[in-house]
Structures are given as structure tokens and as C-alpha cells.
>>> print(open('structure.csv').read())   # CSV, C-alpha atoms and all ligand atoms
chain,number,residue,atom,x,y,z
Q,1,MET,CA,-9.9,-39.1,-2.1
Q,2,ARG,CA,-6.3,-39.0,-1.0
Q,3,ASP,CA,-4.1,-41.8,-2.2
Q,4,ASP,CA,-2.2,-43.2,0.8
Q,5,THR,CA,0.0,-45.5,-1.1
Q,6,PRO,CA,3.5,-44.9,0.2
Q,7,THR,CA,5.9,-43.4,-2.3
Q,8,THR,CA,9.7,-43.2,-2.3
Q,9,PRO,CA,10.8,-39.6,-2.8
Q,10,THR,CA,13.8,-39.1,-5.0
Q,11,THR,CA,16.0,-36.1,-5.7
Q,12,GLU,CA,14.9,-35.9,-9.3
Q,13,LEU,CA,13.8,-32.4,-10.3
Q,14,PRO,CA,10.1,-31.8,-11.1
Q,15,PRO,CA,9.4,-33.4,-14.5
Q,16,ALA,CA,7.1,-30.8,-16.0
Q,17,GLU,CA,4.8,-27.9,-15.1
Q,18,ALA,CA,1.7,-30.0,-16.1
Q,19,SER,CA,-0.6,-29.0,-13.3
Q,20,LEU,CA,0.8,-25.5,-12.7
Q,21,LYS,CA,-1.4,-22.4,-13.0
Q,22,ALA,CA,-1.5,-20.8,-16.4
Q,23,GLY,CA,1.0,-18.0,-16.8
Q,24,PHE,CA,3.4,-19.3,-14.1
Q,25,THR,CA,6.4,-21.5,-14.5
Q,26,PRO,CA,7.8,-23.6,-11.8
Q,27,TYR,CA,11.2,-22.1,-12.5
Q,28,GLY,CA,10.5,-18.4,-11.8
Q,29,HIS,CA,11.4,-16.5,-8.8
Q,30,HIS,CA,7.8,-15.9,-7.7
Q,31,ALA,CA,7.0,-19.6,-7.7
Q,32,ASP,CA,10.2,-20.4,-5.7
Q,33,SER,CA,9.7,-17.7,-3.1
Q,34,LEU,CA,6.0,-18.6,-2.7
Q,35,PHE,CA,7.1,-22.2,-2.0
Q,36,GLN,CA,9.7,-21.0,0.5
Q,37,GLU,CA,7.0,-18.8,2.3
Q,38,CYS,CA,4.6,-21.8,2.6
Q,39,PRO,CA,4.5,-24.9,0.5
Q,40,GLN,CA,0.8,-25.2,1.2
Q,41,LYS,CA,0.1,-21.7,0.0
Q,42,TYR,CA,2.2,-22.5,-3.2
Q,43,GLN,CA,0.0,-25.5,-3.8
Q,44,TYR,CA,-3.2,-23.6,-3.3
Q,45,ALA,CA,-2.2,-20.6,-5.3
Q,46,LEU,CA,-0.2,-22.1,-8.2
Q,47,ARG,CA,-1.1,-25.8,-8.4
Q,48,ARG,CA,-4.8,-25.5,-7.7
Q,49,ASN,CA,-5.3,-22.0,-9.0
Q,50,LEU,CA,-7.4,-20.9,-6.0
Q,51,SER,CA,-7.6,-17.2,-5.3
Q,52,THR,CA,-10.0,-14.7,-3.8
Q,53,GLN,CA,-8.0,-11.7,-5.1
Q,54,GLY,CA,-9.1,-9.3,-7.7
Q,55,TYR,CA,-7.1,-6.3,-8.8
Q,56,SER,CA,-4.3,-5.3,-6.4
Q,57,THR,CA,-3.5,-1.6,-6.3
Q,58,PRO,CA,0.3,-2.2,-5.6
Q,59,LEU,CA,0.5,-4.6,-8.5
Q,60,VAL,CA,-1.3,-2.4,-11.0
Q,61,ALA,CA,0.6,0.7,-9.9
Q,62,GLY,CA,3.9,-1.2,-10.0
Q,63,SER,CA,3.3,-2.6,-13.4
Q,64,ALA,CA,2.3,0.8,-14.8
Q,65,LEU,CA,5.4,2.5,-13.3
Q,66,HIS,CA,7.6,-0.3,-14.7
Q,67,ALA,CA,6.1,0.2,-18.1
Q,68,GLY,CA,6.8,3.9,-17.8
Q,69,LEU,CA,10.4,3.5,-16.7
Q,70,HIS,CA,11.0,1.0,-19.4
Q,71,VAL,CA,10.0,3.5,-22.0
Q,72,TYR,CA,11.8,6.4,-20.2
Q,73,HIS,CA,15.1,4.5,-20.3
Q,74,HIS,CA,14.7,2.9,-23.7
Q,75,PRO,CA,17.5,4.0,-26.1
Q,76,SER,CA,14.9,4.8,-28.8
Q,77,THR,CA,13.1,7.3,-26.5
Q,78,LYS,CA,14.6,10.7,-27.4
Q,79,GLY,CA,14.1,14.2,-26.2
Q,80,ASP,CA,14.5,16.1,-22.9
Q,81,ALA,CA,13.1,15.0,-19.6
Q,82,SER,CA,9.6,16.4,-20.3
Q,83,LEU,CA,9.3,14.6,-23.6
Q,84,LYS,CA,10.5,11.3,-22.1
Q,85,PHE,CA,8.0,11.8,-19.2
Q,86,LEU,CA,5.2,12.2,-21.8
Q,87,GLN,CA,6.2,9.0,-23.6
Q,88,ALA,CA,6.6,7.2,-20.3
Q,89,THR,CA,3.1,8.4,-19.3
Q,90,ILE,CA,1.5,6.9,-22.4
Q,91,ALA,CA,3.0,3.5,-21.6
Q,92,ALA,CA,1.9,3.7,-18.0
Q,93,GLU,CA,-1.6,4.8,-19.0
Q,94,LYS,CA,-2.0,1.8,-21.3
Q,95,ILE,CA,-1.4,-0.6,-18.3
Q,96,MET,CA,-3.8,1.3,-16.0
Q,97,ASP,CA,-6.5,1.4,-18.7
Q,98,GLU,CA,-6.6,-2.4,-18.8
Q,99,VAL,CA,-8.5,-2.3,-15.5
Q,100,PRO,CA,-12.2,-2.4,-16.4
Q,101,HIS,CA,-14.3,0.5,-15.2
Q,102,ALA,CA,-16.4,-1.9,-13.1
Q,103,ALA,CA,-13.3,-2.8,-11.1
Q,104,ARG,CA,-12.1,0.7,-10.4
Q,105,THR,CA,-13.9,1.1,-7.1
Q,106,PHE,CA,-13.7,-1.0,-4.0
Q,107,ASP,CA,-16.1,-0.6,-1.1
Q,108,GLY,CA,-17.1,2.8,-2.4
Q,109,GLU,CA,-13.5,4.0,-2.6
Q,110,ASN,CA,-12.2,5.0,-6.0
Q,111,TRP,CA,-8.8,3.3,-5.7
Q,112,TRP,CA,-8.1,3.5,-9.5
Q,113,ASP,CA,-8.3,7.3,-9.6
Q,114,MET,CA,-6.0,7.7,-6.6
Q,115,MET,CA,-3.5,5.1,-8.0
Q,116,HIS,CA,-3.6,6.8,-11.4
Q,117,PHE,CA,-2.8,10.2,-9.8
Q,118,ASP,CA,0.1,8.7,-7.8
Q,119,VAL,CA,1.6,6.9,-10.8
Q,120,LEU,CA,1.7,10.1,-12.8
Q,121,ARG,CA,3.2,11.9,-9.8
Q,122,MET,CA,5.9,9.3,-9.5
Q,123,LEU,CA,6.8,9.5,-13.2
Q,124,ARG,CA,6.8,13.3,-13.2
Q,125,GLY,CA,9.1,13.4,-10.1
Q,126,TYR,CA,11.4,10.8,-11.7
Q,127,ALA,CA,11.8,13.0,-14.8
Q,128,ASP,CA,12.5,16.0,-12.5
Q,129,THR,CA,15.0,14.1,-10.4
Q,130,TYR,CA,17.0,12.3,-13.1
Q,131,GLY,CA,16.2,14.5,-16.1
Q,132,ASP,CA,19.8,15.6,-16.5
Q,133,PRO,CA,21.6,12.8,-18.3
Q,134,ALA,CA,24.6,13.3,-15.9
Q,135,HIS,CA,22.4,11.8,-13.2
Q,136,THR,CA,22.1,8.5,-15.0
Q,137,PRO,CA,25.8,7.3,-15.2
Q,138,TRP,CA,25.3,4.1,-17.2
Q,139,ILE,CA,24.8,2.9,-20.7
Q,140,VAL,CA,21.8,0.6,-21.4
Q,141,ARG,CA,22.9,-2.7,-22.8
Q,142,GLY,CA,19.5,-4.4,-22.7
Q,143,LEU,CA,16.0,-3.9,-21.3
Q,144,GLU,CA,13.3,-6.4,-20.2
Q,145,GLU,CA,15.2,-9.4,-21.4
Q,146,ASP,CA,13.6,-12.8,-20.9
Q,147,PHE,CA,15.7,-15.7,-19.8
Q,148,ASP,CA,15.2,-19.5,-19.7
Q,149,ILE,CA,18.5,-21.2,-18.7
Q,150,GLU,CA,19.9,-24.2,-17.0
Q,151,VAL,CA,22.8,-23.7,-14.7
Q,152,PRO,CA,24.9,-26.4,-12.9
Q,153,THR,CA,24.8,-26.1,-9.1
Q,154,PRO,CA,28.2,-25.7,-7.4
Q,155,ARG,CA,27.7,-28.3,-4.6
Q,156,ILE,CA,24.6,-30.4,-5.2
Q,157,LEU,CA,25.3,-33.5,-7.2
Q,158,ASP,CA,23.0,-36.2,-8.7
Q,159,LYS,CA,23.3,-39.9,-8.1
Q,160,ASP,CA,26.0,-40.1,-10.8
Q,161,GLY,CA,28.1,-37.4,-9.1
Q,162,LYS,CA,27.2,-34.7,-11.7
Q,163,PRO,CA,26.1,-31.2,-10.7
Q,164,ILE,CA,22.3,-30.9,-10.8
Q,165,LEU,CA,21.1,-28.5,-13.5
Q,166,VAL,CA,18.8,-25.8,-12.1
Q,167,ARG,CA,16.4,-24.3,-14.7
Q,168,MET,CA,15.6,-20.7,-14.1
Q,169,THR,CA,13.2,-18.4,-16.0
Q,170,GLY,CA,12.3,-14.8,-15.6
Q,171,ARG,CA,12.9,-11.3,-17.0
Q,172,TRP,CA,15.2,-8.6,-15.6
Q,173,ASP,CA,14.4,-5.0,-16.0
Q,174,GLY,CA,17.7,-4.1,-17.6
Q,175,LEU,CA,21.3,-4.8,-18.1
Q,176,ILE,CA,23.5,-1.7,-17.9
Q,177,GLU,CA,27.2,-0.8,-18.1
Q,178,LEU,CA,28.3,1.6,-15.4
Q,179,THR,CA,30.2,4.6,-16.6
Q,180,GLU,CA,31.4,6.3,-13.3
Q,181,GLY,CA,33.0,5.4,-10.1
Q,182,PRO,CA,35.3,2.5,-9.0
Q,183,ALA,CA,33.0,0.0,-10.8
Q,184,ALA,CA,33.0,1.9,-14.2
Q,185,GLY,CA,32.9,-0.6,-17.0
Q,186,ALA,CA,31.1,-3.3,-15.0
Q,187,LEU,CA,27.9,-4.9,-16.2
Q,188,VAL,CA,25.1,-5.0,-13.6
Q,189,THR,CA,21.4,-5.7,-13.8
Q,190,LEU,CA,18.9,-2.8,-13.3
Q,191,GLU,CA,15.8,-3.3,-11.1
Q,192,HIS,CA,13.0,-0.8,-10.7
Q,193,LYS,CA,11.3,-1.1,-7.3
Q,194,THR,CA,8.4,0.7,-5.8
Q,195,THR,CA,7.9,0.8,-2.1
Q,196,SER,CA,5.9,2.5,0.7
Q,197,ASP,CA,8.7,1.8,3.3
Q,198,GLU,CA,11.7,3.8,4.2
Q,199,LEU,CA,14.3,3.8,1.4
Q,200,ASP,CA,17.3,2.9,3.5
Q,201,VAL,CA,15.4,0.0,5.0
Q,202,MET,CA,14.4,-1.2,1.6
Q,203,VAL,CA,18.0,-1.2,0.3
Q,204,ARG,CA,19.0,-3.5,3.1
Q,205,ARG,CA,16.0,-5.8,2.4
Q,206,TYR,CA,16.5,-5.9,-1.3
Q,207,ARG,CA,20.1,-6.9,-0.9
Q,208,LEU,CA,18.8,-10.2,0.6
Q,209,ASP,CA,16.2,-10.6,-2.1
Q,210,ALA,CA,17.1,-13.8,-3.9
Q,211,GLN,CA,15.6,-12.3,-7.1
Q,212,ASN,CA,18.5,-9.9,-7.6
Q,213,ALA,CA,21.1,-12.7,-7.1
Q,214,ARG,CA,19.1,-14.9,-9.5
Q,215,TYR,CA,19.2,-12.2,-12.2
Q,216,CYS,CA,23.0,-11.8,-11.8
Q,217,ILE,CA,23.5,-15.5,-12.3
Q,218,ALA,CA,21.1,-15.5,-15.3
Q,219,ALA,CA,22.7,-12.5,-16.9
Q,220,GLU,CA,26.1,-13.8,-16.5
Q,221,HIS,CA,25.1,-17.2,-17.9
Q,222,LYS,CA,23.3,-15.8,-20.8
Q,223,HIS,CA,25.8,-13.2,-21.8
Q,224,SER,CA,29.0,-15.0,-20.8
Q,225,LYS,CA,30.2,-11.9,-19.0
Q,226,ARG,CA,30.8,-11.2,-15.4
Q,227,VAL,CA,27.7,-9.7,-13.7
Q,228,ARG,CA,28.1,-9.3,-9.9
Q,229,GLY,CA,25.7,-6.6,-9.0
Q,230,VAL,CA,22.4,-4.9,-9.4
Q,231,MET,CA,21.5,-1.2,-9.6
Q,232,LEU,CA,18.4,-0.7,-7.5
Q,233,ASN,CA,16.3,2.2,-8.9
Q,234,ILE,CA,13.8,2.7,-6.1
Q,235,VAL,CA,10.7,4.9,-6.1
Q,236,LYS,CA,8.9,5.5,-2.8
Q,237,LYS,CA,5.2,6.0,-3.3
Q,238,PRO,CA,3.6,9.4,-2.4
Q,239,LYS,CA,1.1,9.5,0.3
Q,240,GLY,CA,-1.3,12.4,0.8
Q,241,THR,CA,0.8,15.6,0.6
Q,242,ARG,CA,4.1,13.6,0.9
Q,243,LYS,CA,5.9,13.6,-2.4
Q,244,PRO,CA,7.4,10.5,-4.0
Q,245,MET,CA,11.1,9.9,-3.1
Q,246,TYR,CA,13.8,8.4,-5.2
Q,247,LYS,CA,17.0,6.4,-4.5
Q,248,ARG,CA,19.5,4.6,-6.6
Q,249,GLN,CA,21.9,2.1,-5.0
Q,250,LEU,CA,24.4,-0.3,-6.4
Q,251,ILE,CA,24.6,-3.6,-4.5
Q,252,THR,CA,27.1,-6.3,-5.2
Q,253,TYR,CA,27.5,-10.0,-4.6
Q,254,THR,CA,30.5,-12.2,-4.0
Q,255,ASP,CA,31.1,-15.4,-5.9
Q,256,GLU,CA,30.3,-17.3,-2.8
Q,257,GLU,CA,27.0,-15.5,-2.3
Q,258,LEU,CA,25.8,-16.3,-5.8
Q,259,ALA,CA,26.9,-19.9,-5.5
Q,260,HIS,CA,24.9,-20.1,-2.3
Q,261,HIS,CA,21.8,-18.7,-4.0
Q,262,LEU,CA,22.1,-21.3,-6.8
Q,263,ASP,CA,22.4,-24.1,-4.3
Q,264,GLU,CA,19.4,-22.7,-2.4
Q,265,ILE,CA,17.3,-22.9,-5.6
Q,266,ALA,CA,18.3,-26.5,-6.2
Q,267,VAL,CA,17.2,-27.4,-2.6
Q,268,ILE,CA,13.8,-25.7,-3.2
Q,269,ARG,CA,13.3,-27.7,-6.4
Q,270,ILE,CA,14.2,-31.0,-4.6
Q,271,GLN,CA,11.7,-30.1,-1.9
Q,272,GLN,CA,9.1,-29.3,-4.5
Q,273,SER,CA,9.8,-32.6,-6.2
Q,274,ILE,CA,9.2,-34.5,-2.9
Q,275,CYS,CA,5.9,-32.6,-2.4
Q,276,ASP,CA,4.8,-33.4,-5.9
Q,277,GLN,CA,5.6,-37.1,-5.6
Q,278,THR,CA,4.0,-37.5,-2.2
Q,279,GLY,CA,1.1,-35.1,-2.5
Q,280,ILE,CA,2.1,-33.6,0.9
Q,281,TRP,CA,2.5,-29.9,1.0
Q,282,PRO,CA,3.7,-28.7,4.5
Q,283,ARG,CA,2.1,-25.7,6.1
Q,284,ASN,CA,4.0,-22.6,7.1
Q,285,GLY,CA,5.8,-23.9,10.2
Q,286,GLN,CA,4.4,-21.4,12.6
Q,287,TRP,CA,1.0,-21.0,11.0
Q,288,PHE,CA,-1.0,-21.0,14.1
Q,289,THR,CA,1.1,-18.4,15.9
Q,290,GLY,CA,0.5,-15.6,13.3
Q,291,SER,CA,3.2,-16.0,10.7
Q,292,CYS,CA,0.4,-16.5,8.1
Q,293,TYR,CA,-0.1,-12.7,8.6
Q,294,ARG,CA,2.1,-11.0,6.0
Q,295,ASN,CA,2.1,-7.6,4.3
Q,296,TYR,CA,-0.6,-6.3,6.7
Q,297,ARG,CA,-3.1,-9.0,6.0
Q,298,TRP,CA,-3.9,-12.7,6.7
Q,299,CYS,CA,-3.1,-15.3,4.1
Q,300,GLU,CA,-6.1,-15.6,1.9
Q,301,PHE,CA,-6.1,-19.4,2.4
Q,302,TRP,CA,-6.4,-19.2,6.2
Q,303,SER,CA,-10.0,-20.5,6.2
Q,304,LEU,CA,-8.9,-23.6,4.3
Q,305,CYS,CA,-6.0,-24.3,6.6
Q,306,ALA,CA,-7.9,-23.5,9.8
Q,307,TYR,CA,-11.3,-25.1,9.1
Q,308,GLY,CA,-10.7,-27.6,6.3
Q,309,GLU,CA,-11.6,-27.8,2.6
Q,310,SER,CA,-15.4,-28.0,2.8
Q,311,MET,CA,-17.4,-27.3,-0.4
Q,312,GLY,CA,-18.5,-24.0,1.2
Q,313,ALA,CA,-15.0,-22.9,2.0
Q,314,LEU,CA,-13.8,-23.7,-1.5
Q,315,ALA,CA,-16.7,-21.8,-3.0
Q,316,GLU,CA,-15.2,-18.5,-1.8
Q,317,PHE,CA,-12.3,-19.0,-4.2
Q,318,ARG,CA,-12.3,-18.3,-7.8
Q,319,PRO,CA,-9.7,-17.7,-10.5
Q,320,PRO,CA,-8.2,-14.2,-10.2
Q,321,ILE,CA,-9.7,-11.5,-12.5
Q,322,THR,CA,-6.2,-10.6,-13.8
Q,323,GLU,CA,-4.0,-13.0,-15.8
Q,324,PRO,CA,-0.9,-13.4,-13.6
Q,325,THR,CA,2.6,-13.0,-14.8
Q,326,ASP,CA,5.5,-15.0,-13.6
Q,327,GLU,CA,7.4,-12.1,-12.1
Q,328,PRO,CA,4.9,-9.6,-10.6
Q,329,LYS,CA,6.5,-6.3,-10.0
Q,330,GLU,CA,6.2,-4.3,-6.9
P,401,LIG,S1,-2.9,-19.9,6.1
P,401,LIG,FE1,-0.7,-20.1,6.6
P,401,LIG,S2,-0.3,-22.3,6.5
P,401,LIG,FE2,-2.2,-22.0,5.4
P,401,LIG,S3,-1.6,-21.7,3.3
P,401,LIG,FE3,-1.7,-19.7,4.2
P,401,LIG,S4,0.4,-19.2,4.9
P,401,LIG,FE4,0.2,-21.4,4.5
>>> encode(input="structure.csv", output="C-alpha cells")
Amino acid sequence: MRDDTPTTPTTELPPAEASLKAGFTPYGHHADSLFQECPQKYQYALRRNLSTQGYSTPLVAGSALHAGLHVYHHPSTKGDASLKFLQATIAAEKIMDEVPHAARTFDGENWWDMMHFDVLRMLRGYADTYGDPAHTPWIVRGLEEDFDIEVPTPRILDKDGKPILVRMTGRWDGLIELTEGPAAGALVTLEHKTTSDELDVMVRRYRLDAQNARYCIAAEHKHSKRVRGVMLNIVKKPKGTRKPMYKRQLITYTDEELAHHLDEIAVIRIQQSICDQTGIWPRNGQWFTGSCYRNYRWCEFWSLCAYGESMGALAEFRPPITEPTDEPKE
């Protein structure tokens, strides 16, 4: 039964991740962006661990491609493009093999075989496109580095007038030093992205993705060096006879933009704290007009919001088959 005793919200940050779903932290980009999308959804998915989802083709394919690209770019991976492709393939296969055979078909369709074929096509095409070292004008300074840091906010102060410390966790794909062009010598983060959308459209969208700005802040804080940009390494998925496509794009951020991102994260944490303390998790503001429909499907919790949390409705939900990670790759 709900406790209706009034509480007084404060601006203290969440004390601990006590009730958070295993594998997630309240300080990662995925948790923050889910909360921004819909606090109620965040509460269902991460605090109460409700889910109807099994394996997701984009997530498995994205993870496999990431594993392949990680190996492809690793300084210890030697040889020409074909040899690097083979080593990358082994890493990608390992991820895809984790899907149990029983889960490789869905409604009679063999999604796993099609995904497997596409991932290998993407890796082969990547090696063909960037096989010449001259096409990769950077030096790798670090790959898949975890961070767990606390950064003072520029403009949000606590009751004693001190900057609130924002804790951030996550893992960037890479930290690289550019070797060509006007930005030669600069350190930027490297992010591998897979998409089905138009590449130019995705570049514009990724520039607004708070995850990239967060990684710049974190890399700068962790390495005490200026990091003001991200190299997007985008792979467009093949479809039927359409081949995969590739694009690399450097995007940069101003000091003001990064400061704004940091303040935004602090505001999200304060809002989460109020929800935690009051037990009130607001719904997506326009939930009844269709904004619960994202990425070509309705939110999986629609029935709970629309018809209430009966035992029958809750019975549809179960823990996901896969163990989630904090920063799912797409
Ligand atoms: S159905 Fe809409 S309001 Fe309800 S949890 Fe999902 S996104 Fe939020």
C-alpha cells in the first residue's frame, strides 16, 4: 500500500543505488537518459526490474560489432586488413554465440542467422574501407576505459554554497590523438555507432547526444588533459542487397556546451532524488497523445500505465533473459 505521509523533498543527491536493477548504476548515461525520457519508465525498468523483452537484434548486433571494432583497433592486433578482420570476427562471433540456440528464432523467423550474416558483412566492409592505415589518421591512447568520477557542477550549488558533485560512471570506446588536419595533436574520444538511418542525419543527432559530451567531460577529468570532441565512427547496417556504409565525423564541443551538459546531469539527479524521496514517478508528459511510441514501437509498460497494475498485468513482465549492461551499445 502506498505511504501517503507527506515528505519534504531536498536537493540532496540519491544516497545509494540500493534498489536499482542489477548491472545498472544510477550514474550512467543509460539510466539518466531513460529517466529524462520518462521517470515512470525509469522506475519500472530500473527500480522494479520489470521487462517483457528478450534478446534485441540491434543490441546483440551492436555489441558484436563493438567487440569486433575494439579488437580491430587494438594496438596489439597486428597484420594487414584481412588479418585484422579475422581477429575482429572471432571477437564478434564470441558475443553472438552467447545467444542460446533456443532464442535464435522469433515467430518462425531466424533473426540470429540474418544478424550474424550482417555483422560479418559490416566488419568485412569496414576492413575494406579503412584497411589502408592512411585512412585512420589517429593514434590510439586508450580503448574501452571505465570511469567512475565525481565532477563539480559549474552553476548548481548546495545549501553551503559549494558546487554539487555529480558522479558519473560509464565506459568510452576509445581515446585517440588526432594526427592530421587543423586539430592534429588534440585528444578526442572515439565512439563506434551502428545505425539504420541516413548517415548525415545521424551525425546531426549524435552531436546532441549527451553521452558524447559526458565522455568528453569524463576523459578530461580522468586524464587531466583537454578533451573537447568525439570522433564518430558510424556504420550503417546493410539491408537486403544494400551494402553497409561507413562514415567518420569529428564533432567538437565548446566549454559552455560541456558546462551545460554537466548542469543538466545535476538537475536530473536532483529530480531523481525527489522521486526517490516521495515515491512519485511522473509519467511521460504527453503519454496519452502517442509520445510513448518510440523507435517504431509502443513503450513496453503501456498496459501498466493505461490500465493499472493488476496482478494479471504485472504477470506479463519478467526479468530480461540477458544481463543488462550500464551502457548498451547501438
Ligand atoms: S507508457 Fe508512456 S508514460 Fe507509461 S512508462 Fe511508458 S513511456 Fe512512460
>>> residues_near_ligand(input="structure.csv", ligand="ligand LIG 401 (chain P)", cutoff="8 Å", atoms="only C-alpha atoms and all ligand atoms", output="ChimeraX atom specification")
/Q:37-42,44,282-288,291-293,298-306
>>> atom_distance(input="structure.csv", atom1="CA of Gly79 (chain Q)", atom2="CA of Pro137 (chain Q)")
17.5 Å
>>> residues_around(input="structure.csv", residues="region 151-166 of chain Q", least_positions_apart="5", cutoff="9 Å", atoms="only C-alpha atoms", output="short mmCIF file (atom, residue, chain, number, x, y, z; two decimals) with C-alpha atoms, in the frame of the given file")
data_model
loop_
_atom_site.label_atom_id
_atom_site.label_comp_id
_atom_site.auth_asym_id
_atom_site.auth_seq_id
_atom_site.Cartn_x
_atom_site.Cartn_y
_atom_site.Cartn_z
CA THR Q 11 16.00 -36.10 -5.70
CA GLU Q 12 14.90 -35.90 -9.30
CA LEU Q 13 13.80 -32.40 -10.30
CA TYR Q 27 11.20 -22.10 -12.50
CA ILE Q 217 23.50 -15.50 -12.30
CA ALA Q 218 21.10 -15.50 -15.30
CA HIS Q 221 25.10 -17.20 -17.90
CA ALA Q 259 26.90 -19.90 -5.50
CA HIS Q 260 24.90 -20.10 -2.30
CA LEU Q 262 22.10 -21.30 -6.80
CA ASP Q 263 22.40 -24.10 -4.30
CA ILE Q 265 17.30 -22.90 -5.60
CA ALA Q 266 18.30 -26.50 -6.20
CA VAL Q 267 17.20 -27.40 -2.60
CA ARG Q 269 13.30 -27.70 -6.40
#
>>> residues_around(input="structure.csv", residues="region 175-187 of chain Q", least_positions_apart="2", cutoff="6 Å", atoms="all atoms listed in the file", output="list in words")
Pro137, Trp138, Ile139, Val140, Arg141, Gly142, Thr189, Leu190 and Val227 of chain Q
>>> closest_residue(input="structure.csv", among="Q:Phe35, Q:His135, Q:Gly28, Q:Asp173", to="Ile149 (chain Q)", atoms="all atoms listed in the file")
Q:Gly28
>>> atom_distance(input="structure.csv", atom1="CA of Asn49 (chain Q)", atom2="CA of Pro26 (chain Q)")
13.5 Å
>>> residues_around(input="structure.csv", residues="Gly68 (chain Q)", least_positions_apart="5", cutoff="12 Å", atoms="all atoms listed in the file", output="short mmCIF file (atom, residue, chain, number, x, y, z; two decimals) with C-alpha atoms, keeping the file's coordinate frame")
data_model
loop_
_atom_site.label_atom_id
_atom_site.label_comp_id
_atom_site.auth_asym_id
_atom_site.auth_seq_id
_atom_site.Cartn_x
_atom_site.Cartn_y
_atom_site.Cartn_z
CA ALA Q 61 0.60 0.70 -9.90
CA GLY Q 62 3.90 -1.20 -10.00
CA SER Q 63 3.30 -2.60 -13.40
CA HIS Q 73 15.10 4.50 -20.30
CA HIS Q 74 14.70 2.90 -23.70
CA THR Q 77 13.10 7.30 -26.50
CA LYS Q 84 10.50 11.30 -22.10
CA PHE Q 85 8.00 11.80 -19.20
CA LEU Q 86 5.20 12.20 -21.80
CA GLN Q 87 6.20 9.00 -23.60
CA ALA Q 88 6.60 7.20 -20.30
CA THR Q 89 3.10 8.40 -19.30
CA ILE Q 90 1.50 6.90 -22.40
CA ALA Q 91 3.00 3.50 -21.60
CA ALA Q 92 1.90 3.70 -18.00
CA GLU Q 93 -1.60 4.80 -19.00
CA LYS Q 94 -2.00 1.80 -21.30
CA ILE Q 95 -1.40 -0.60 -18.30
CA MET Q 96 -3.80 1.30 -16.00
CA VAL Q 119 1.60 6.90 -10.80
CA LEU Q 120 1.70 10.10 -12.80
CA ARG Q 121 3.20 11.90 -9.80
CA MET Q 122 5.90 9.30 -9.50
CA LEU Q 123 6.80 9.50 -13.20
CA ARG Q 124 6.80 13.30 -13.20
CA TYR Q 126 11.40 10.80 -11.70
CA ALA Q 127 11.80 13.00 -14.80
CA ASP Q 173 14.40 -5.00 -16.00
CA HIS Q 192 13.00 -0.80 -10.70
#
>>> closest_residue(input="structure.csv", among="Q:Ala313, Q:Leu143, Q:Met231, Q:Met168", to="Pro75 (chain Q)", atoms="all atoms listed in the file")
Q:Leu143
>>> closest_residue(input="structure.csv", among="Q:Leu208, Q:Lys193, Q:His261, Q:Asp148", to="Leu59 (chain Q)", atoms="all atoms listed in the file")
Q:Lys193
>>> atom_distance(input="structure.csv", atom1="CA of Leu314 (chain Q)", atom2="CA of Thr278 (chain Q)")
22.5 Å
>>> closest_residue(input="structure.csv", among="Q:Ser310, Q:Thr129, Q:Thr105, Q:Asn212", to="Lys247 (chain Q)", atoms="all atoms listed in the file")
Q:Thr129
>>> closest_residue(input="structure.csv", among="Q:Ile251, Q:Ala45, Q:Asp128, Q:Thr169", to="Arg204 (chain Q)", atoms="all atoms listed in the file")
Q:Ile251
>>> residues_near_point(input="structure.csv", point="(16.1, -12.3, -23.7)", cutoff="10 Å", atoms="all atoms listed in the file", output="number ranges by chain")
Q: 142-148, 170-172, 219, 222-223
>>> write_last_selection(input="structure.csv", atoms="C-alpha atoms", output="PDB file, in the frame of the given file")
ATOM      1  CA  GLY Q 142      19.500  -4.400 -22.700  1.00  0.00           C
ATOM      2  CA  LEU Q 143      16.000  -3.900 -21.300  1.00  0.00           C
ATOM      3  CA  GLU Q 144      13.300  -6.400 -20.200  1.00  0.00           C
ATOM      4  CA  GLU Q 145      15.200  -9.400 -21.400  1.00  0.00           C
ATOM      5  CA  ASP Q 146      13.600 -12.800 -20.900  1.00  0.00           C
ATOM      6  CA  PHE Q 147      15.700 -15.700 -19.800  1.00  0.00           C
ATOM      7  CA  ASP Q 148      15.200 -19.500 -19.700  1.00  0.00           C
ATOM      8  CA  GLY Q 170      12.300 -14.800 -15.600  1.00  0.00           C
ATOM      9  CA  ARG Q 171      12.900 -11.300 -17.000  1.00  0.00           C
ATOM     10  CA  TRP Q 172      15.200  -8.600 -15.600  1.00  0.00           C
ATOM     11  CA  ALA Q 219      22.700 -12.500 -16.900  1.00  0.00           C
ATOM     12  CA  LYS Q 222      23.300 -15.800 -20.800  1.00  0.00           C
ATOM     13  CA  HIS Q 223      25.800 -13.200 -21.800  1.00  0.00           C
TER      14      HIS Q 223
END
>>> closest_residue(input="structure.csv", among="Q:Pro244, Q:Arg167, Q:Thr252, Q:Cys216", to="Val203 (chain Q)", atoms="only C-alpha atoms")
Q:Thr252
>>> residues_around(input="structure.csv", residues="Leu232 (chain Q)", least_positions_apart="4", cutoff="6 Å", atoms="all atoms listed in the file", output="list of chain:residue names")
Q:Glu191, Q:Arg248, Q:Gln249
>>> decode(input="structure.csv", residues="region 49-70 of chain Q", atoms="C-alpha atoms", output="PDB file, in the first residue's frame")
ATOM      1  CA  ASN Q  49      13.254  -4.611 -12.803  1.00  0.00           C
ATOM      2  CA  LEU Q  50      10.162  -5.202 -14.938  1.00  0.00           C
ATOM      3  CA  SER Q  51      10.663  -6.206 -18.534  1.00  0.00           C
ATOM      4  CA  THR Q  52       8.986  -8.163 -21.304  1.00  0.00           C
ATOM      5  CA  GLN Q  53      11.960  -8.037 -23.596  1.00  0.00           C
ATOM      6  CA  GLY Q  54      14.155 -10.954 -24.531  1.00  0.00           C
ATOM      7  CA  TYR Q  55      17.037 -10.615 -26.938  1.00  0.00           C
ATOM      8  CA  SER Q  56      17.133  -7.499 -29.040  1.00  0.00           C
ATOM      9  CA  THR Q  57      18.628  -7.877 -32.508  1.00  0.00           C
ATOM     10  CA  PRO Q  58      20.036  -4.300 -32.593  1.00  0.00           C
ATOM     11  CA  LEU Q  59      21.620  -4.733 -29.155  1.00  0.00           C
ATOM     12  CA  VAL Q  60      23.240  -8.096 -29.917  1.00  0.00           C
ATOM     13  CA  ALA Q  61      24.419  -6.876 -33.346  1.00  0.00           C
ATOM     14  CA  GLY Q  62      25.712  -3.608 -31.848  1.00  0.00           C
ATOM     15  CA  SER Q  63      27.593  -5.415 -29.069  1.00  0.00           C
ATOM     16  CA  ALA Q  64      29.129  -7.884 -31.541  1.00  0.00           C
ATOM     17  CA  LEU Q  65      30.224  -5.113 -33.898  1.00  0.00           C
ATOM     18  CA  HIS Q  66      31.675  -3.150 -30.976  1.00  0.00           C
ATOM     19  CA  ALA Q  67      33.654  -6.168 -29.828  1.00  0.00           C
ATOM     20  CA  GLY Q  68      34.961  -6.615 -33.379  1.00  0.00           C
ATOM     21  CA  LEU Q  69      35.946  -2.967 -33.792  1.00  0.00           C
ATOM     22  CA  HIS Q  70      37.595  -2.973 -30.378  1.00  0.00           C
TER      23      HIS Q  70
END
